[in-house]
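Source file: my_file-v1.txt (compact mmCIF, C-alpha atoms)
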```txt
# COMPACT_ATOMS: atom_id res chain seq x y z
CA MET E 12 -34.89 -121.70 -68.11
CA ASN E 13 -36.21 -124.76 -69.86
CA PRO E 14 -33.93 -127.75 -70.54
CA ALA E 15 -33.97 -127.32 -74.33
CA ARG E 16 -32.71 -123.75 -74.14
CA ARG E 17 -30.04 -124.70 -71.61
CA ALA E 18 -28.85 -127.52 -73.88
CA ALA E 19 -28.75 -125.14 -76.86
CA ILE E 20 -26.56 -122.72 -74.90
CA PHE E 21 -24.00 -125.37 -74.07
CA SER E 22 -24.10 -126.72 -77.63
CA ARG E 23 -23.03 -123.30 -78.92
CA LEU E 24 -20.35 -122.88 -76.27
CA ARG E 25 -18.98 -126.31 -77.22
CA ALA E 26 -19.06 -125.48 -80.92
CA ALA E 27 -16.99 -122.33 -80.27
CA ASN E 28 -14.48 -124.12 -78.02
CA PRO E 29 -14.66 -127.94 -78.26
CA GLN E 30 -11.81 -128.58 -75.81
CA PRO E 31 -11.76 -125.80 -73.19
CA ARG E 32 -8.86 -125.66 -70.76
CA THR E 33 -7.86 -123.71 -67.70
CA GLU E 34 -5.69 -120.68 -68.38
CA LEU E 35 -3.42 -121.57 -65.47
CA GLU E 36 -0.11 -123.02 -66.63
CA TYR E 37 1.06 -126.29 -65.08
CA ALA E 38 2.64 -129.62 -65.96
CA THR E 39 1.48 -131.92 -63.14
CA THR E 40 -1.50 -132.32 -60.84
CA PHE E 41 0.60 -131.01 -57.96
CA GLN E 42 1.50 -127.89 -59.92
CA LEU E 43 -2.16 -127.37 -60.83
CA LEU E 44 -3.09 -127.60 -57.15
CA VAL E 45 -0.47 -125.00 -56.21
CA ALA E 46 -1.50 -122.70 -59.07
CA VAL E 47 -5.15 -122.84 -58.02
CA ILE E 48 -4.27 -122.07 -54.40
CA LEU E 49 -2.22 -119.10 -55.58
CA SER E 50 -5.02 -117.87 -57.86
CA ALA E 51 -7.46 -117.15 -55.01
CA GLN E 52 -8.36 -113.44 -55.18
CA ALA E 53 -5.72 -113.02 -57.91
CA THR E 54 -5.68 -113.25 -61.69
CA ASP E 55 -4.49 -116.27 -63.63
CA LYS E 56 -2.13 -113.91 -65.44
CA SER E 57 -0.36 -112.89 -62.23
CA VAL E 58 -0.02 -116.53 -61.20
CA ASN E 59 1.36 -117.52 -64.60
CA LEU E 60 4.00 -114.83 -64.33
CA ALA E 61 5.27 -116.27 -61.06
CA THR E 62 4.98 -120.04 -61.45
CA PRO E 63 7.33 -120.92 -64.36
CA ARG E 64 10.44 -120.19 -62.29
CA LEU E 65 8.87 -121.71 -59.17
CA PHE E 66 7.87 -124.94 -60.89
CA ALA E 67 11.23 -125.21 -62.63
CA ASP E 68 13.08 -124.92 -59.32
CA ALA E 69 10.58 -126.80 -57.14
CA PRO E 70 8.43 -129.13 -59.28
CA THR E 71 7.43 -131.56 -56.50
CA PRO E 72 5.95 -131.31 -53.00
CA GLN E 73 9.29 -132.36 -51.55
CA ALA E 74 11.25 -129.69 -53.43
CA MET E 75 8.72 -126.97 -52.68
CA PHE E 76 8.55 -127.90 -49.01
CA ALA E 77 12.34 -127.57 -48.86
CA LEU E 78 12.02 -123.90 -49.88
CA GLY E 79 10.20 -123.04 -46.66
CA GLU E 80 7.73 -120.18 -46.36
CA ALA E 81 10.33 -117.44 -46.83
CA GLY E 82 11.88 -119.14 -49.82
CA LEU E 83 8.52 -119.70 -51.49
CA ALA E 84 7.47 -116.11 -50.78
CA ASP E 85 10.40 -114.87 -52.86
CA TYR E 86 8.86 -116.57 -55.92
CA ILE E 87 5.28 -115.39 -55.45
CA ARG E 88 5.59 -111.79 -54.21
CA ARG E 89 3.80 -110.48 -57.31
CA ILE E 90 0.66 -112.43 -56.28
CA GLY E 91 -1.87 -110.94 -53.88
CA LEU E 92 -1.93 -112.29 -50.31
CA TYR E 93 1.37 -114.06 -50.93
CA PRO E 94 2.43 -114.44 -47.24
CA THR E 95 -0.73 -116.39 -46.38
CA LYS E 96 -0.51 -118.37 -49.61
CA ALA E 97 3.13 -119.26 -48.97
CA LYS E 98 2.17 -120.54 -45.52
CA ASN E 99 -0.71 -122.61 -46.91
CA VAL E 100 1.28 -124.08 -49.80
CA ILE E 101 4.15 -125.17 -47.55
CA ALA E 102 1.67 -126.71 -45.10
CA THR E 103 -0.08 -128.45 -47.99
CA CYS E 104 3.26 -129.84 -49.23
CA ARG E 105 3.95 -131.23 -45.77
CA GLN E 106 0.54 -132.90 -45.66
CA LEU E 107 0.93 -134.36 -49.16
CA ILE E 108 4.28 -135.84 -48.18
CA GLU E 109 3.23 -137.16 -44.77
CA ARG E 110 -0.28 -138.42 -45.57
CA HIS E 111 -0.42 -139.07 -49.30
CA GLY E 112 3.04 -140.19 -50.38
CA GLY E 113 3.64 -136.92 -52.21
CA GLU E 114 0.59 -137.42 -54.46
CA VAL E 115 -2.46 -135.19 -54.79
CA PRO E 116 -5.48 -137.11 -53.45
CA HIS E 117 -8.31 -137.93 -55.84
CA ASN E 118 -11.24 -137.29 -53.51
CA ARG E 119 -12.99 -134.21 -52.15
CA GLU E 120 -12.58 -134.98 -48.46
CA ASP E 121 -8.80 -135.27 -48.57
CA LEU E 122 -8.45 -132.30 -50.93
CA GLU E 123 -10.50 -130.02 -48.71
CA ALA E 124 -8.42 -131.11 -45.71
CA LEU E 125 -5.35 -129.50 -47.31
CA PRO E 126 -4.44 -126.02 -46.03
CA GLY E 127 -5.70 -123.30 -48.35
CA VAL E 128 -8.00 -125.68 -50.22
CA GLY E 129 -11.74 -125.07 -50.07
CA ARG E 130 -14.62 -126.46 -52.08
CA LYS E 131 -13.90 -124.29 -55.13
CA THR E 132 -10.23 -125.28 -55.33
CA ALA E 133 -11.10 -128.94 -54.80
CA ASN E 134 -13.64 -128.73 -57.63
CA VAL E 135 -11.05 -127.25 -60.00
CA VAL E 136 -8.60 -130.06 -59.26
CA LEU E 137 -11.24 -132.79 -59.48
CA ASN E 138 -12.46 -131.43 -62.80
CA THR E 139 -9.25 -130.33 -64.49
CA ALA E 140 -6.84 -133.00 -63.25
CA PHE E 141 -9.13 -135.97 -62.80
CA GLY E 142 -11.88 -135.29 -65.35
CA GLU E 143 -14.74 -135.36 -62.89
CA PRO E 144 -17.91 -133.37 -63.70
CA ALA E 145 -17.30 -130.90 -60.88
CA ILE E 146 -18.14 -127.21 -61.28
CA ALA E 147 -16.13 -124.63 -59.36
CA VAL E 148 -18.35 -121.58 -59.02
CA ASP E 149 -16.17 -118.47 -58.95
CA THR E 150 -17.33 -114.88 -59.46
CA HIS E 151 -17.49 -115.31 -63.25
CA ILE E 152 -19.59 -118.47 -63.18
CA PHE E 153 -21.82 -117.10 -60.42
CA ARG E 154 -22.50 -114.01 -62.53
CA VAL E 155 -23.05 -115.84 -65.84
CA ALA E 156 -25.28 -118.53 -64.33
CA ASN E 157 -27.50 -115.96 -62.62
CA ARG E 158 -27.48 -113.38 -65.42
CA THR E 159 -28.39 -115.84 -68.17
CA ARG E 160 -30.64 -117.77 -65.77
CA ILE E 161 -28.96 -121.04 -66.67
CA ALA E 162 -28.87 -121.66 -62.91
CA THR E 163 -29.94 -119.05 -60.39
CA GLY E 164 -28.93 -118.96 -56.75
CA LYS E 165 -27.98 -116.58 -53.97
CA THR E 166 -24.75 -118.37 -53.05
CA PRO E 167 -21.98 -120.10 -55.02
CA LEU E 168 -22.96 -123.43 -53.50
CA ALA E 169 -26.60 -122.98 -54.50
CA VAL E 170 -25.54 -122.19 -58.08
CA GLU E 171 -23.14 -125.14 -58.14
CA LEU E 172 -25.78 -127.60 -56.99
CA LYS E 173 -28.31 -126.26 -59.49
CA LEU E 174 -25.78 -126.51 -62.33
CA LEU E 175 -24.92 -130.08 -61.39
CA LYS E 176 -28.61 -130.92 -61.43
CA SER E 177 -29.59 -129.09 -64.61
CA VAL E 178 -26.62 -129.15 -67.03
CA PRO E 179 -27.06 -132.02 -69.48
CA GLU E 180 -24.69 -134.89 -68.80
CA GLU E 181 -22.84 -134.54 -72.12
CA PHE E 182 -21.80 -130.99 -71.22
CA LYS E 183 -21.18 -131.37 -67.50
CA ARG E 184 -17.45 -132.15 -67.61
CA ASP E 185 -16.55 -128.98 -69.53
CA ALA E 186 -19.30 -126.68 -68.24
CA HIS E 187 -16.94 -125.13 -65.70
CA HIS E 188 -14.46 -123.96 -68.33
CA TRP E 189 -17.05 -122.78 -70.84
CA LEU E 190 -18.83 -120.65 -68.26
CA ILE E 191 -15.70 -119.13 -66.74
CA LEU E 192 -14.26 -118.21 -70.14
CA HIS E 193 -17.59 -116.78 -71.25
CA GLY E 194 -17.72 -114.65 -68.11
CA ARG E 195 -14.11 -113.57 -68.41
CA TYR E 196 -14.20 -112.50 -72.05
CA VAL E 197 -17.82 -111.92 -73.09
CA CYS E 198 -20.33 -111.72 -70.25
CA LYS E 199 -18.22 -109.26 -68.27
CA ALA E 200 -19.31 -107.82 -64.95
CA ARG E 201 -19.75 -104.15 -65.81
CA HIS E 202 -20.02 -104.19 -69.57
CA PRO E 203 -21.30 -107.48 -70.96
CA GLU E 204 -20.60 -107.69 -74.68
CA CYS E 205 -24.08 -108.85 -75.63
CA GLY E 206 -23.64 -107.64 -79.21
CA HIS E 207 -20.83 -110.16 -79.71
CA CYS E 208 -22.32 -113.00 -77.67
CA SER E 209 -23.02 -116.34 -79.33
CA ILE E 210 -25.84 -117.13 -76.91
CA ALA E 211 -27.49 -113.70 -76.68
CA ASP E 212 -30.74 -114.87 -78.26
CA LEU E 213 -30.97 -117.73 -75.76
CA CYS E 214 -29.87 -115.77 -72.69
CA GLU E 215 -32.70 -114.58 -70.41
CA TYR E 216 -30.88 -111.49 -69.11
CA LYS E 217 -33.42 -108.66 -69.29
CA GLU E 218 -30.92 -105.81 -69.53
CA LYS E 219 -28.79 -106.81 -72.51
CA SER E 220 -26.37 -104.04 -73.45
CA SER E 221 -27.33 -104.20 -77.12
CA PRO E 222 -29.00 -106.70 -79.41
CA PRO E 223 -26.61 -108.95 -81.36
CA SER E 224 -26.14 -107.78 -84.92
CA HIS E 225 -25.53 -111.35 -86.08
CA GLN E 226 -25.04 -114.84 -84.81
CA GLY E 227 -21.47 -114.66 -83.56
CA HIS E 228 -19.05 -116.96 -81.88
CA GLN E 229 -17.72 -116.92 -78.36
CA VAL E 230 -14.14 -115.79 -77.90
CA SER E 231 -11.91 -118.81 -77.40
CA PRO E 232 -8.63 -117.52 -76.01
CA ARG E 233 -7.14 -120.94 -75.24
CA LYS E 234 -7.76 -124.36 -76.68
CA THR E 235 -4.56 -126.10 -75.66
```
Rewrite the structure from the file as structure tokens, please.
Amino acid sequence: MNPARRAAIFSRLRAANPQPRTELEYATTFQLLVAVILSAQATDKSVNLATPRLFADAPTPQAMFALGEAGLADYIRRIGLYPTKAKNVIATCRQLIERHGGEVPHNREDLEALPGVGRKTANVVLNTAFGEPAIAVDTHIFRVANRTRIATGKTPLAVELKLLKSVPEEFKRDAHHWLILHGRYVCKARHPECGHCSIADLCEYKEKSSPPSHQGHQVSPRKT
């Protein structure tokens, strides 16, 4: 894909949703970190159903650590893989308290050293909490980047590195959210809604489900 077409795609995504945000609900950087850990192989919706009560009762690393694994598990049983996630979150709380004064570190190395935190989770925190131009390539972004040919690659890391290299600087900070929302609500895995896609005429996917009937706008489920 040539740079002009790539820039046009992101211009339209920005026009449809000027201030994209994660759909995970949180009030602090610590709560965002916990929510992202819990969201692995689970939906944001399932996490958002569990975290309001958890964050109300245990809003800080110290309070959450005091719950212990069993206590935390009681809050997150509706989330997939909750026993492992409870273990990782409690271990992460301990590490935040002992090594970082109860604060979430603002660098990749320390983030990825936390239990249950890999590159993708670290990227989400760096981007969403600290405003860095990091791109967390999940299944949605991997699919959209390859399908549209914005950035092709055989692995999430390959796609991430290509996006970081090729996305114009003015769009890089919000590219993560635009692509994930586009994949979640428009460019779906089994049935992409090409007929309602705002970038269908720019997309290089050869098997579009149907030609767009008009120049539409991307669905923007959250702007807050």
Compile the contact shell of region 56-68 of chain E as a PDB file with C-alpha atoms, keeping the file's coordinate frame: residues with an atom at most 12 Å away, counting all atoms listed in the file, same-chain residues fewer than 3 positions apart removed.
```
ATOM      1  CA  THR E  33      -7.860-123.710 -67.700  1.00  0.00           C
ATOM      2  CA  GLU E  34      -5.690-120.680 -68.380  1.00  0.00           C
ATOM      3  CA  LEU E  35      -3.420-121.570 -65.470  1.00  0.00           C
ATOM      4  CA  GLU E  36      -0.110-123.020 -66.630  1.00  0.00           C
ATOM      5  CA  TYR E  37       1.060-126.290 -65.080  1.00  0.00           C
ATOM      6  CA  ALA E  38       2.640-129.620 -65.960  1.00  0.00           C
ATOM      7  CA  THR E  39       1.480-131.920 -63.140  1.00  0.00           C
ATOM      8  CA  THR E  40      -1.500-132.320 -60.840  1.00  0.00           C
ATOM      9  CA  PHE E  41       0.600-131.010 -57.960  1.00  0.00           C
ATOM     10  CA  GLN E  42       1.500-127.890 -59.920  1.00  0.00           C
ATOM     11  CA  LEU E  43      -2.160-127.370 -60.830  1.00  0.00           C
ATOM     12  CA  LEU E  44      -3.090-127.600 -57.150  1.00  0.00           C
ATOM     13  CA  VAL E  45      -0.470-125.000 -56.210  1.00  0.00           C
ATOM     14  CA  ALA E  46      -1.500-122.700 -59.070  1.00  0.00           C
ATOM     15  CA  VAL E  47      -5.150-122.840 -58.020  1.00  0.00           C
ATOM     16  CA  ILE E  48      -4.270-122.070 -54.400  1.00  0.00           C
ATOM     17  CA  LEU E  49      -2.220-119.100 -55.580  1.00  0.00           C
ATOM     18  CA  SER E  50      -5.020-117.870 -57.860  1.00  0.00           C
ATOM     19  CA  ALA E  51      -7.460-117.150 -55.010  1.00  0.00           C
ATOM     20  CA  GLN E  52      -8.360-113.440 -55.180  1.00  0.00           C
ATOM     21  CA  ALA E  53      -5.720-113.020 -57.910  1.00  0.00           C
ATOM     22  CA  THR E  71       7.430-131.560 -56.500  1.00  0.00           C
ATOM     23  CA  PRO E  72       5.950-131.310 -53.000  1.00  0.00           C
ATOM     24  CA  GLN E  73       9.290-132.360 -51.550  1.00  0.00           C
ATOM     25  CA  ALA E  74      11.250-129.690 -53.430  1.00  0.00           C
ATOM     26  CA  MET E  75       8.720-126.970 -52.680  1.00  0.00           C
ATOM     27  CA  PHE E  76       8.550-127.900 -49.010  1.00  0.00           C
ATOM     28  CA  ALA E  77      12.340-127.570 -48.860  1.00  0.00           C
ATOM     29  CA  LEU E  78      12.020-123.900 -49.880  1.00  0.00           C
ATOM     30  CA  GLY E  82      11.880-119.140 -49.820  1.00  0.00           C
ATOM     31  CA  LEU E  83       8.520-119.700 -51.490  1.00  0.00           C
ATOM     32  CA  ALA E  84       7.470-116.110 -50.780  1.00  0.00           C
ATOM     33  CA  ASP E  85      10.400-114.870 -52.860  1.00  0.00           C
ATOM     34  CA  TYR E  86       8.860-116.570 -55.920  1.00  0.00           C
ATOM     35  CA  ILE E  87       5.280-115.390 -55.450  1.00  0.00           C
ATOM     36  CA  ARG E  88       5.590-111.790 -54.210  1.00  0.00           C
ATOM     37  CA  ARG E  89       3.800-110.480 -57.310  1.00  0.00           C
ATOM     38  CA  ILE E  90       0.660-112.430 -56.280  1.00  0.00           C
ATOM     39  CA  GLY E  91      -1.870-110.940 -53.880  1.00  0.00           C
ATOM     40  CA  LEU E  92      -1.930-112.290 -50.310  1.00  0.00           C
ATOM     41  CA  TYR E  93       1.370-114.060 -50.930  1.00  0.00           C
ATOM     42  CA  LYS E  96      -0.510-118.370 -49.610  1.00  0.00           C
ATOM     43  CA  ALA E  97       3.130-119.260 -48.970  1.00  0.00           C
TER      44      ALA E  97
END
```
Check your understanding: What lies within 7 Å of region 168-176 of chain E using only C-alpha atoms, ignoring chain neighbours under 4 positions off, as a ChimeraX atom specification?
Key -> /E:146,148,153,162-164
Check your understanding: How far is it from CA of Glu123 (chain E) to CA of Pro167 (chain E), in Å with one decimal?
Key ->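 Separation between CA of Glu123 (chain E) and CA of Pro167 (chain E): 16.4 Å.
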Exercise for review: For CA of Arg32 (chain E) and CA of Val135 (chain E), determine how far apart the two atoms are, in Å to one decimal place.
Suggested key: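 Answer for the CA of Arg32 (chain E) to CA of Val135 (chain E) separation: 11.1 Å.
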Revision key, fill the gap. Computed gap from CA of Val155 (chain E) to CA of Gly194 (chain E) is 5.9 Å
Can you tell me which residues surround region 189-193 of chain E at a distance of at most 9 Å, considering all atoms listed in the file, apart from same-chain residues fewer than 4 positions away, and format the answer as a PDB file with C-alpha atoms, in the frame of the given file?
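Result file part-v3.pdb:
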```pdb
ATOM      1  CA  PHE E  21     -24.000-125.370 -74.070  1.00  0.00           C
ATOM      2  CA  LEU E  24     -20.350-122.880 -76.270  1.00  0.00           C
ATOM      3  CA  ARG E  25     -18.980-126.310 -77.220  1.00  0.00           C
ATOM      4  CA  ASN E  28     -14.480-124.120 -78.020  1.00  0.00           C
ATOM      5  CA  PRO E  31     -11.760-125.800 -73.190  1.00  0.00           C
ATOM      6  CA  ARG E  32      -8.860-125.660 -70.760  1.00  0.00           C
ATOM      7  CA  THR E  33      -7.860-123.710 -67.700  1.00  0.00           C
ATOM      8  CA  VAL E 148     -18.350-121.580 -59.020  1.00  0.00           C
ATOM      9  CA  ASP E 149     -16.170-118.470 -58.950  1.00  0.00           C
ATOM     10  CA  THR E 150     -17.330-114.880 -59.460  1.00  0.00           C
ATOM     11  CA  HIS E 151     -17.490-115.310 -63.250  1.00  0.00           C
ATOM     12  CA  ILE E 152     -19.590-118.470 -63.180  1.00  0.00           C
ATOM     13  CA  VAL E 155     -23.050-115.840 -65.840  1.00  0.00           C
ATOM     14  CA  ALA E 156     -25.280-118.530 -64.330  1.00  0.00           C
ATOM     15  CA  ASP E 185     -16.550-128.980 -69.530  1.00  0.00           C
ATOM     16  CA  VAL E 197     -17.820-111.920 -73.090  1.00  0.00           C
ATOM     17  CA  CYS E 198     -20.330-111.720 -70.250  1.00  0.00           C
ATOM     18  CA  LYS E 199     -18.220-109.260 -68.270  1.00  0.00           C
ATOM     19  CA  CYS E 208     -22.320-113.000 -77.670  1.00  0.00           C
ATOM     20  CA  GLN E 229     -17.720-116.920 -78.360  1.00  0.00           C
ATOM     21  CA  VAL E 230     -14.140-115.790 -77.900  1.00  0.00           C
ATOM     22  CA  SER E 231     -11.910-118.810 -77.400  1.00  0.00           C
ATOM     23  CA  PRO E 232      -8.630-117.520 -76.010  1.00  0.00           C
TER      24      PRO E 232
END
```
